[in-house]
>>> print(open('start-v6.txt').read())   # compact mmCIF, C-alpha atoms
# COMPACT_ATOMS: atom_id res chain seq x y z
CA MET A 1 27.46 -24.75 13.31
CA ASN A 2 30.75 -22.89 12.88
CA ALA A 3 30.58 -23.39 9.12
CA TYR A 4 26.99 -22.13 9.15
CA LEU A 5 27.96 -18.97 11.05
CA ILE A 6 30.88 -18.35 8.70
CA GLU A 7 28.63 -18.71 5.67
CA LEU A 8 26.09 -16.43 7.33
CA ARG A 9 28.69 -13.71 7.85
CA ARG A 10 30.07 -14.06 4.32
CA SER A 11 26.73 -14.12 2.58
CA PRO A 12 26.05 -11.07 0.39
CA LEU A 13 22.48 -11.28 1.63
CA LEU A 14 23.67 -10.15 5.07
CA THR A 15 24.78 -6.84 3.60
CA ALA A 16 21.74 -6.69 1.35
CA LEU A 17 19.24 -7.64 4.08
CA PRO A 18 18.08 -4.02 4.60
CA LEU A 19 17.55 -3.76 0.84
CA LEU A 20 15.56 -7.01 0.87
CA VAL A 21 13.37 -5.65 3.63
CA VAL A 22 12.84 -2.41 1.70
CA VAL A 23 11.86 -4.38 -1.41
CA ASP A 24 9.52 -6.47 0.73
CA LEU A 25 7.80 -3.40 2.17
CA VAL A 26 7.65 -1.57 -1.16
CA VAL A 27 5.88 -4.53 -2.77
CA LEU A 28 3.67 -4.96 0.30
CA PHE A 29 2.39 -1.38 0.33
CA GLY A 30 3.04 -0.35 -3.27
CA ARG A 31 0.91 -3.04 -4.92
CA SER A 32 -2.23 -2.14 -2.94
CA ARG A 33 -3.39 -1.29 0.57
CA TYR A 34 -6.91 -2.65 0.64
CA TRP A 35 -5.55 -5.71 2.44
CA ILE A 36 -5.08 -3.73 5.64
CA GLY A 37 -7.66 -4.89 8.15
CA VAL A 38 -8.61 -8.12 6.32
CA TRP A 39 -6.71 -11.17 7.57
CA PRO A 40 -6.83 -13.36 4.42
CA GLU A 41 -5.95 -10.41 2.18
CA ALA A 42 -3.11 -9.38 4.49
CA SER A 43 -1.80 -12.95 4.40
CA VAL A 44 -1.85 -12.97 0.61
CA ALA A 45 -0.18 -9.55 0.44
CA ALA A 46 2.68 -10.88 2.59
CA GLN A 47 2.95 -14.00 0.42
CA VAL A 48 2.91 -12.15 -2.92
CA VAL A 49 6.29 -10.63 -2.02
CA THR A 50 7.90 -14.00 -2.79
CA ILE A 51 7.36 -13.30 -6.50
CA PHE A 52 10.26 -10.87 -6.17
CA LEU A 53 12.21 -12.32 -3.24
CA GLY A 54 12.24 -15.82 -4.75
CA PRO A 55 14.23 -15.01 -7.93
CA LEU A 56 16.62 -12.81 -5.96
CA LEU A 57 17.18 -15.60 -3.46
CA ALA A 58 17.83 -18.05 -6.31
CA ALA A 59 20.47 -15.75 -7.79
CA VAL A 60 22.31 -15.26 -4.50
CA SER A 61 22.09 -18.96 -3.70
CA ALA A 62 23.69 -19.79 -7.06
CA TRP A 63 26.47 -17.28 -6.43
CA GLN A 64 27.12 -18.67 -2.96
CA ALA A 65 27.17 -22.31 -4.05
CA GLY A 66 29.82 -21.72 -6.70
CA ARG A 67 32.06 -19.47 -4.64
CA SER A 68 34.73 -22.04 -3.73
CA SER A 69 35.10 -23.27 -7.31
CA ARG A 70 35.52 -19.70 -8.58
CA SER A 71 38.21 -19.01 -5.98
CA GLY A 72 40.57 -21.37 -7.82
CA MET A 73 40.73 -23.76 -4.88
CA PRO A 74 38.14 -26.49 -5.50
CA GLU A 75 40.42 -28.89 -3.63
CA THR A 76 39.47 -27.09 -0.42
CA VAL A 77 36.03 -28.58 -0.69
CA LEU A 78 36.89 -31.82 -2.44
CA ALA A 79 39.53 -32.81 0.10
CA ALA A 80 37.79 -31.44 3.18
CA ALA A 81 37.63 -33.60 6.28
CA ARG A 82 33.94 -33.07 6.66
CA PRO A 83 31.47 -34.59 4.20
CA LEU A 84 30.57 -32.40 1.27
CA TRP A 85 26.87 -32.45 2.06
CA ARG A 86 27.49 -30.80 5.44
CA ILE A 87 29.37 -27.94 3.82
CA GLU A 88 26.61 -27.44 1.25
CA THR A 89 23.94 -27.63 3.95
CA ALA A 90 25.64 -24.82 5.87
CA ARG A 91 25.71 -22.65 2.75
CA LEU A 92 22.08 -23.25 1.81
CA ALA A 93 20.94 -22.81 5.41
CA ALA A 94 22.67 -19.42 5.61
CA THR A 95 20.99 -18.25 2.41
CA LEU A 96 17.58 -19.45 3.56
CA THR A 97 17.99 -17.87 6.99
CA LEU A 98 18.50 -14.39 5.56
CA GLY A 99 15.90 -14.78 2.84
CA LEU A 100 13.26 -16.03 5.27
CA ALA A 101 14.21 -13.28 7.74
CA ALA A 102 13.21 -10.63 5.18
CA TYR A 103 10.02 -12.56 4.47
CA VAL A 104 9.09 -12.84 8.16
CA ILE A 105 9.64 -9.10 8.65
CA GLY A 106 7.14 -8.45 5.86
CA CYS A 107 4.63 -10.87 7.42
CA LEU A 108 4.92 -9.22 10.84
CA THR A 109 4.51 -5.79 9.26
CA ALA A 110 1.35 -6.89 7.47
CA ALA A 111 -0.02 -8.27 10.76
CA GLY A 112 0.87 -5.12 12.67
CA PHE A 113 -0.92 -2.82 10.24
CA SER A 114 -4.03 -5.02 10.26
CA LEU A 115 -4.45 -5.59 13.99
CA SER A 116 -6.42 -2.43 14.72
CA GLU A 117 -9.02 -2.94 11.95
CA ALA A 118 -9.20 -6.68 11.36
CA GLY A 119 -10.75 -7.76 14.65
CA PRO A 120 -10.34 -11.33 16.00
CA GLY A 121 -8.01 -13.64 14.10
CA PHE A 122 -4.54 -13.46 12.63
CA LEU A 123 -2.65 -14.14 9.41
CA TRP A 124 -3.73 -17.38 7.74
CA PRO A 125 -0.84 -19.92 8.07
CA SER A 126 -1.63 -21.67 4.78
CA TYR A 127 -0.74 -18.56 2.75
CA LEU A 128 2.45 -17.94 4.75
CA LEU A 129 3.56 -21.57 4.32
CA LEU A 130 2.92 -21.31 0.59
CA GLY A 131 5.26 -18.31 0.40
CA MET A 132 7.86 -20.10 2.50
CA ALA A 133 7.75 -23.12 0.19
CA THR A 134 8.34 -20.84 -2.79
CA LEU A 135 11.45 -19.31 -1.23
CA VAL A 136 12.88 -22.72 -0.31
CA ILE A 137 12.28 -24.05 -3.83
CA PHE A 138 14.00 -21.15 -5.55
CA ALA A 139 16.93 -21.08 -3.14
CA SER A 140 17.42 -24.82 -3.65
CA VAL A 141 17.26 -24.52 -7.44
CA GLY A 142 19.84 -21.73 -7.33
CA HIS A 143 22.09 -23.69 -5.00
CA LEU A 144 22.09 -26.79 -7.19
CA ALA A 145 22.70 -24.73 -10.34
CA GLY A 146 25.55 -22.88 -8.66
CA ARG A 147 27.22 -26.12 -7.60
CA TRP A 148 27.10 -27.56 -11.10
CA TRP A 149 27.82 -24.39 -13.10
CA PRO A 150 29.74 -22.01 -10.80
CA SER A 151 29.64 -18.88 -12.94
CA ALA A 152 29.77 -15.59 -11.04
CA ALA A 153 27.33 -13.83 -13.38
CA PHE A 154 25.74 -16.15 -15.93
CA THR A 155 24.29 -18.75 -13.52
CA PRO A 156 22.77 -16.26 -11.03
CA ILE A 157 21.17 -14.24 -13.83
CA VAL A 158 19.75 -17.33 -15.52
CA CYS A 159 18.43 -18.60 -12.18
CA ALA A 160 16.73 -15.31 -11.35
CA LEU A 161 15.12 -14.92 -14.75
CA GLY A 162 14.19 -18.59 -15.00
CA CYS A 163 12.55 -18.63 -11.57
CA PHE A 164 10.60 -15.44 -12.23
CA ILE A 165 9.32 -16.66 -15.59
CA SER A 166 8.48 -20.12 -14.26
CA MET A 167 6.48 -18.64 -11.40
CA LEU A 168 4.29 -16.78 -13.88
CA ALA A 169 4.16 -19.30 -16.71
CA LEU A 170 4.07 -22.80 -15.23
CA PRO A 171 0.64 -24.45 -14.89
CA ILE A 172 1.48 -25.42 -11.31
CA LYS A 173 1.04 -22.29 -9.21
CA PHE A 174 3.14 -21.57 -6.13
CA ASN A 175 1.45 -18.29 -5.27
CA VAL A 176 -1.94 -16.61 -5.20
CA LEU A 177 -2.67 -12.95 -5.90
CA ALA A 178 -5.88 -12.42 -3.92
CA GLY A 179 -7.41 -13.78 -0.74
CA PRO A 180 -11.19 -13.32 -0.70
CA PRO A 181 -12.73 -14.59 2.55
CA ASP A 182 -15.12 -16.90 0.67
CA GLN A 183 -12.17 -19.05 -0.44
CA ARG A 184 -9.40 -20.93 1.36
CA LEU A 185 -6.35 -23.00 0.46
CA GLN A 186 -6.68 -26.77 0.40
CA PRO A 187 -4.34 -28.50 2.89
CA LEU A 188 -3.21 -31.26 0.48
CA PRO A 189 -1.89 -29.02 -2.34
CA VAL A 190 -0.07 -26.86 0.22
CA ALA A 191 1.43 -29.92 1.90
CA LEU A 192 2.61 -31.32 -1.45
CA ARG A 193 4.30 -28.02 -2.30
CA LEU A 194 6.06 -28.06 1.07
CA LEU A 195 7.16 -31.65 0.46
CA PHE A 196 8.48 -30.69 -2.97
CA ALA A 197 10.42 -27.78 -1.42
CA LEU A 198 11.95 -29.99 1.28
CA ALA A 199 12.92 -32.74 -1.18
CA LEU A 200 14.49 -30.20 -3.52
CA ALA A 201 16.51 -28.69 -0.66
CA VAL A 202 17.84 -32.14 0.29
CA LEU A 203 18.71 -32.85 -3.33
CA ALA A 204 20.52 -29.51 -3.64
CA VAL A 205 22.98 -30.39 -0.85
CA THR A 206 23.38 -34.13 -1.45
CA ALA A 207 23.59 -34.32 -5.25
CA PRO A 208 27.11 -35.26 -6.39
CA PRO A 209 29.07 -32.39 -7.97
CA LEU A 210 29.87 -32.39 -11.65
CA ARG A 211 33.54 -33.19 -12.32
CA ARG A 212 35.20 -30.43 -14.30
CA SER A 213 38.40 -30.55 -16.30
CA ASP A 214 40.53 -28.89 -13.62
CA GLU A 215 39.45 -31.52 -11.07
CA VAL A 216 40.06 -34.67 -13.08
CA GLN A 217 43.49 -35.34 -11.56
CA MET A 218 42.47 -34.41 -8.03
CA ARG A 219 41.84 -36.96 -5.36
CA ARG A 220 38.42 -36.53 -3.83
CA GLN A 221 36.38 -38.13 -1.11
CA LYS A 222 33.99 -40.79 -2.18
CA THR A 223 30.41 -39.96 -1.43
CA ALA A 224 29.04 -42.36 1.17
CA TRP A 225 26.53 -44.83 -0.15
CA HIS A 226 23.80 -43.65 2.23
CA ILE A 227 24.25 -40.06 1.03
CA ARG A 228 23.95 -41.25 -2.56
CA LEU A 229 20.81 -43.08 -1.56
CA VAL A 230 19.43 -39.90 0.04
CA ALA A 231 20.18 -37.92 -3.12
CA VAL A 232 18.41 -40.46 -5.32
CA GLY A 233 15.52 -40.66 -2.88
CA SER A 234 15.12 -36.89 -2.70
CA ALA A 235 15.12 -36.69 -6.50
CA VAL A 236 12.39 -39.33 -6.68
CA VAL A 237 10.35 -37.64 -3.95
CA SER A 238 10.65 -34.22 -5.59
CA LEU A 239 9.47 -35.55 -8.96
CA THR A 240 6.69 -37.59 -7.36
CA SER A 241 5.46 -34.67 -5.26
CA LEU A 242 5.53 -32.38 -8.30
CA VAL A 243 3.36 -34.83 -10.26
CA ALA A 244 1.07 -35.25 -7.26
CA THR A 245 0.81 -31.47 -6.93
CA SER A 246 -0.40 -31.24 -10.50
CA ALA A 247 -2.95 -33.99 -9.88
CA ALA A 248 -4.15 -32.57 -6.54
CA GLY A 249 -6.24 -29.91 -8.22
CA GLU A 250 -6.71 -26.22 -7.50
CA LEU A 251 -4.98 -24.53 -4.63
CA ARG A 252 -8.12 -22.67 -3.54
CA VAL A 253 -11.62 -23.98 -2.95
CA ASP A 254 -14.86 -22.42 -1.78
CA ARG A 255 -14.99 -21.87 1.93
CA PRO A 256 -18.18 -23.28 3.48
CA ALA A 257 -20.41 -20.64 5.00
CA ALA A 258 -21.09 -23.03 7.88
CA ALA A 259 -17.46 -22.59 8.98
CA VAL A 260 -18.18 -19.10 10.35
CA VAL A 261 -20.94 -17.02 11.89
CA PRO A 262 -21.72 -14.19 9.42
CA LEU A 263 -21.43 -10.65 10.72
CA CYS A 264 -24.72 -8.81 10.14
CA GLY A 265 -25.91 -5.28 10.80
CA ARG A 266 -28.39 -2.52 9.90
CA ALA A 267 -27.92 1.21 9.53
CA GLU A 268 -31.05 1.72 11.65
CA LYS A 269 -34.11 -0.19 12.74
CA GLY A 270 -36.24 -1.15 9.74
CA SER A 271 -33.41 -0.83 7.23
CA PRO A 272 -32.33 -3.88 5.18
CA GLU A 273 -29.90 -6.20 6.93
CA VAL A 274 -26.43 -6.69 5.47
CA CYS A 275 -24.37 -9.79 6.24
CA VAL A 276 -20.66 -10.20 5.44
CA TRP A 277 -17.88 -12.65 6.18
CA PRO A 278 -16.33 -11.85 9.60
CA GLU A 279 -13.03 -10.95 7.90
CA HIS A 280 -14.80 -8.13 6.01
CA ARG A 281 -16.10 -6.45 9.14
CA LYS A 282 -14.45 -3.13 8.24
CA TYR A 283 -16.78 -2.74 5.24
CA LEU A 284 -20.00 -3.37 7.15
CA PRO A 285 -20.74 0.25 8.23
CA GLU A 286 -20.49 1.50 4.65
CA LEU A 287 -22.49 -1.42 3.26
CA THR A 288 -25.34 -0.90 5.71
CA LEU A 289 -25.57 2.76 4.69
CA MET A 290 -25.70 1.68 1.03
CA ALA A 291 -28.58 -0.66 1.78
CA GLN A 292 -30.37 2.08 3.70
CA ARG A 293 -30.11 4.53 0.79
CA LEU A 294 -31.64 1.97 -1.54
CA ASP A 295 -34.49 1.44 0.92
CA GLN A 296 -35.27 5.17 1.10
CA SER A 297 -36.96 5.18 -2.29
CA GLY A 298 -40.27 4.64 -0.50
CA SER A 299 -42.99 3.53 -2.88
CA TRP A 300 -40.78 4.05 -5.92
CA LEU A 301 -39.00 0.73 -5.59
CA LYS A 302 -38.91 -2.26 -3.28
CA SER A 303 -35.75 -3.36 -1.53
CA PRO A 304 -34.95 -6.90 -0.31
CA GLN A 305 -35.03 -7.37 3.44
CA SER A 306 -31.41 -8.49 3.49
CA PHE A 307 -28.23 -8.50 1.42
CA HIS A 308 -25.57 -11.19 1.79
CA GLU A 309 -21.95 -11.23 0.68
CA PHE A 310 -20.92 -13.68 -2.01
CA GLY A 311 -20.43 -17.17 -0.61
CA LEU A 312 -22.73 -16.90 2.39
CA ARG A 313 -25.79 -18.18 0.50
CA ARG A 314 -24.68 -20.52 -2.24
CA THR A 315 -27.38 -22.47 -4.05
CA ASP A 316 -27.51 -24.99 -6.86
CA LEU A 317 -28.57 -22.15 -9.15
CA GLY A 318 -25.63 -19.93 -8.24
CA ASP A 319 -24.90 -17.15 -5.80
CA ARG A 320 -26.56 -13.74 -5.97
CA GLY A 321 -24.57 -12.20 -3.17
CA PHE A 322 -22.60 -9.01 -3.54
CA ASP A 323 -18.84 -9.00 -3.92
CA ILE A 324 -16.11 -6.67 -2.66
CA ALA A 325 -13.42 -6.61 -5.32
CA GLU A 326 -10.00 -5.35 -4.27
CA GLY A 327 -11.45 -3.27 -1.46
CA HIS A 328 -13.92 -1.45 -3.72
CA VAL A 329 -17.57 -1.52 -2.56
CA ARG A 330 -18.81 -0.36 -5.95
CA THR A 331 -19.03 -4.02 -6.94
CA ALA A 332 -21.34 -4.49 -3.95
CA ALA A 333 -23.44 -1.55 -5.18
CA ILE A 334 -23.87 -3.29 -8.55
CA ALA A 335 -25.22 -6.47 -6.92
CA MET A 336 -27.43 -4.53 -4.51
CA ALA A 337 -28.89 -2.48 -7.35
CA ASP A 338 -29.63 -5.66 -9.28
CA GLY A 339 -31.37 -7.08 -6.21
CA VAL A 340 -33.58 -4.01 -5.84
CA PHE A 341 -34.39 -4.05 -9.57
CA ALA A 342 -35.37 -7.74 -9.45
CA LYS A 343 -37.44 -7.24 -6.28
CA SER A 344 -39.32 -4.32 -7.83
CA LEU A 345 -39.74 -5.37 -11.46
CA GLY A 346 -38.71 -9.04 -11.54
CA ARG A 347 -36.27 -10.72 -13.90
CA CYS A 348 -36.86 -8.98 -17.23
CA SER A 349 -35.96 -10.36 -20.68
CA PRO A 350 -37.48 -8.15 -23.37
CA PRO A 351 -36.96 -8.99 -27.05
CA PRO A 352 -33.46 -8.12 -28.31
CA GLU A 353 -34.83 -5.66 -30.85
CA ARG A 354 -36.44 -3.49 -28.13
CA GLU A 355 -33.33 -1.40 -27.61
CA ARG A 356 -35.11 1.37 -25.70
CA VAL A 357 -36.37 -1.14 -23.14
CA TRP A 358 -32.91 -2.53 -22.60
CA GLN A 359 -31.63 1.03 -22.31
CA ALA A 360 -34.22 1.79 -19.63
CA MET A 361 -33.10 -1.25 -17.65
CA ASP A 362 -29.48 -0.11 -17.78
CA ASN A 363 -30.49 3.42 -16.83
CA ILE A 364 -32.38 2.31 -13.72
CA ARG A 365 -29.64 -0.08 -12.57
CA LEU A 366 -26.93 2.56 -12.87
CA TRP A 367 -29.15 5.14 -11.15
CA LEU A 368 -29.61 2.68 -8.27
CA GLU A 369 -25.85 2.17 -8.06
CA TYR A 370 -25.24 5.90 -7.79
CA ARG A 371 -28.01 6.21 -5.22
CA SER A 372 -26.57 3.46 -3.04
CA MET A 373 -23.09 4.98 -3.09
CA GLY A 374 -24.40 8.33 -1.88
CA GLN A 375 -21.78 10.17 -3.93
CA ASP A 376 -21.66 12.21 -7.05
CA PRO A 377 -21.49 9.81 -10.05
CA SER A 378 -18.10 11.19 -11.10
CA VAL A 379 -16.72 10.09 -7.70
CA SER A 380 -18.49 6.72 -7.78
CA ASP A 381 -17.09 5.92 -11.23
CA LYS A 382 -13.55 7.04 -10.44
CA GLY A 383 -11.07 4.31 -11.36
CA LEU A 384 -13.68 2.19 -13.16
CA HIS A 385 -13.55 1.38 -16.87
CA MET A 386 -17.13 0.69 -17.93
CA GLN A 387 -17.48 0.02 -21.63
CA GLY A 388 -20.72 -0.16 -23.57
CA VAL A 389 -22.83 1.74 -21.03
CA GLU A 390 -21.81 5.31 -21.80
CA ALA A 391 -25.37 6.30 -22.71
CA ALA A 392 -26.73 4.79 -19.50
CA GLN A 393 -24.02 6.51 -17.47
CA ASN A 394 -24.91 9.91 -18.91
CA GLU A 395 -28.65 9.40 -18.35
CA ALA A 396 -28.30 8.00 -14.83
CA THR A 397 -25.86 10.76 -13.91
CA ARG A 398 -28.27 13.44 -15.07
CA ALA A 399 -31.13 11.83 -13.15
CA SER A 400 -29.18 11.31 -9.92
CA ARG A 401 -28.21 14.99 -9.81
CA ALA A 402 -31.85 16.12 -10.13
CA SER A 403 -34.26 16.79 -7.26
CA GLU A 404 -36.23 13.97 -5.62
CA SER A 405 -39.44 14.89 -7.42
CA GLU A 406 -37.68 15.01 -10.78
CA GLN A 407 -36.03 11.65 -10.08
CA ARG A 408 -39.46 10.16 -9.33
CA LYS A 409 -40.83 11.39 -12.66
CA TRP A 410 -37.76 10.12 -14.47
CA LEU A 411 -38.06 6.68 -12.85
CA ALA A 412 -41.77 6.43 -13.73
CA LYS A 413 -40.93 7.20 -17.35
CA GLU A 414 -38.17 4.59 -17.52
CA ARG A 415 -40.36 1.97 -15.85
CA SER A 416 -43.13 2.59 -18.37
CA TYR A 417 -40.87 1.36 -21.18
CA ILE A 418 -40.13 -1.87 -19.28
CA LEU A 419 -43.74 -2.55 -18.26
CA GLN A 420 -45.17 -2.16 -21.76
CA ASP A 421 -45.58 -5.92 -21.86
CA SER A 422 -46.12 -7.82 -18.61
CA ALA A 423 -44.75 -10.98 -20.21
CA TRP A 424 -41.25 -9.52 -20.31
CA CYS A 425 -40.72 -9.66 -16.54
CA THR A 426 -41.30 -12.54 -14.16
CA ALA A 427 -41.32 -12.33 -10.37
CA ASP A 428 -38.23 -13.61 -8.60
CA ASP A 429 -39.32 -15.71 -5.61
CA GLN A 430 -35.75 -16.17 -4.35
CA ILE A 431 -35.36 -12.54 -3.27
>>> encode(input="start-v6.txt", output="structure tokens")
Amino acid sequence: MNAYLIELRRSPLLTALPLLVVVDLVVLFGRSRYWIGVWPEASVAAQVVTIFLGPLLAAVSAWQAGRSSRSGMPETVLAAARPLWRIETARLAATLTLGLAAYVIGCLTAAGFSLSEAGPGFLWPSYLLLGMATLVIFASVGHLAGRWWPSAAFTPIVCALGCFISMLALPIKFNVLAGPPDQRLQPLPVALRLLFALALAVLAVTAPPLRRSDEVQMRRQKTAWHIRLVAVGSAVVSLTSLVATSAAGELRVDRPAAAVVPLCGRAEKGSPEVCVWPEHRKYLPELTLMAQRLDQSGSWLKSPQSFHEFGLRRTDLGDRGFDIAEGHVRTAAIAMADGVFAKSLGRCSPPPERERVWQAMDNIRLWLEYRSMGQDPSVSDKGLHMQGVEAAQNEATRASRASESEQRKWLAKERSYILQDSAWCTADDQI
């Protein structure tokens, strides 16, 4: 414990802890803020920070592990009364304590900012454990590299760059970038990643040091046979768990709708019902207003009686629910507009050469999107990059800015192109 406290006080991470926390918070709030008020998204936002904390922790861990060798007194460690693995454990534990402290502060901040909007629930532990496993893995890799190649600059830099590149390039993923409520992490892949992290940490402190030229003539303690056995065992377990992680499949799977009670609401009596995952409760008021605007077309168009978020009504033929992508409800407007179009006209497949018919279909769908948003089209399209529909955007924008009577005439004209041949459209019984 004394060695651990000494290493904790000497660690450069102790001085840099405020900087680590600043980096954590900058990444947390600088990447996006749509996660606020959504528990799975807040959990992922807290976990994504490890993409930056992990390489930094690997670099500092490598520097710490090679400190005694660089001091010119390797005999201090080699001839110490205490076993070498205890000394290395104290060093790695100090590094992990400070690194995980910065990580926990970020997690608590994400929870604090979400409490008022998110409703019942809390951060999802599976995402937080995934981030913790990442930090332990990178700190262990840095520690082992620092023990074997105790360079003050080269080893930490290589560890930081190598860890960052491996996190992005390796087929085995140790992080996720989004946390939609219709998906969850599988317990087995997360458990295997935690096992790999633990085995790697044990290997980092029990692996025998490489004998360098300045230590050849020095008398050193012999590593106990049981410690050698632990080192070999941890190496085998780490390799086995890594292979098993690759074979375990995807980290995320579809979350069954039966696991929750959907949250449903209407803007007013008689308006279409909108159902969302409980974690997306903060979007429900805006979504119900969107559904109400689409239902106010009267006899112009027909609206479905209900709209469901993606994942709540999966079928063998797919899922027609609306999605909320990165906190933007415009993606929900696209799905709602398609539902109203299919309810009113059916599923239409005119011949490819009838370009004007296809154009009319695009015009009506975009006009419905603008209508559901209840905003000027320039505001609705802000931040979106829609290619190939410029003509439909211009036409739908012009129509949506016209009076109600003019919009009705415009819609009748566009529908006439689609209904030239009744064989083009078939009724959709699933709506």
>>> closest_residue(input="start-v6.txt", among="A:Ala152, A:Val340, A:Leu239, A:Ala110", to="Trp124 of chain A", atoms="only C-alpha atoms")
A:Ala110
>>> closest_residue(input="start-v6.txt", among="A:Leu100, A:Ala46, A:Met361, A:Leu419", to="Leu14 of chain A", atoms="only C-alpha atoms")
A:Leu100
>>> atom_distance(input="start-v6.txt", atom1="atom CA of Ala248 of chain A", atom2="atom CA of Leu188 of chain A")
7.2 Å
>>> closest_residue(input="start-v6.txt", among="A:Ile364, A:Asp182, A:Ala259, A:Cys107", to="His308 of chain A", atoms="only C-alpha atoms")
A:Asp182
>>> closest_residue(input="start-v6.txt", among="A:Asp254, A:Asp381, A:Glu395, A:Glu88", to="Arg314 of chain A", atoms="only C-alpha atoms")
A:Asp254
>>> closest_residue(input="start-v6.txt", among="A:Thr315, A:Ser126, A:Thr240, A:Ser116", to="Val190 of chain A", atoms="all atoms listed in the file")
A:Ser126
>>> residues_around(input="start-v6.txt", residues="segment 160-173 of chain A", least_positions_apart="3", cutoff="10 Å", atoms="all atoms listed in the file", output="VMD selection string")
chain A and resid 50 to 60 62 134 137 to 139 141 to 142 155 to 157 176 193 242 to 243 245 to 247 249 to 251
>>> residues_around(input="start-v6.txt", residues="segment 63-68 of chain A", least_positions_apart="5", cutoff="8 Å", atoms="all atoms listed in the file", output="count of residues only")
20
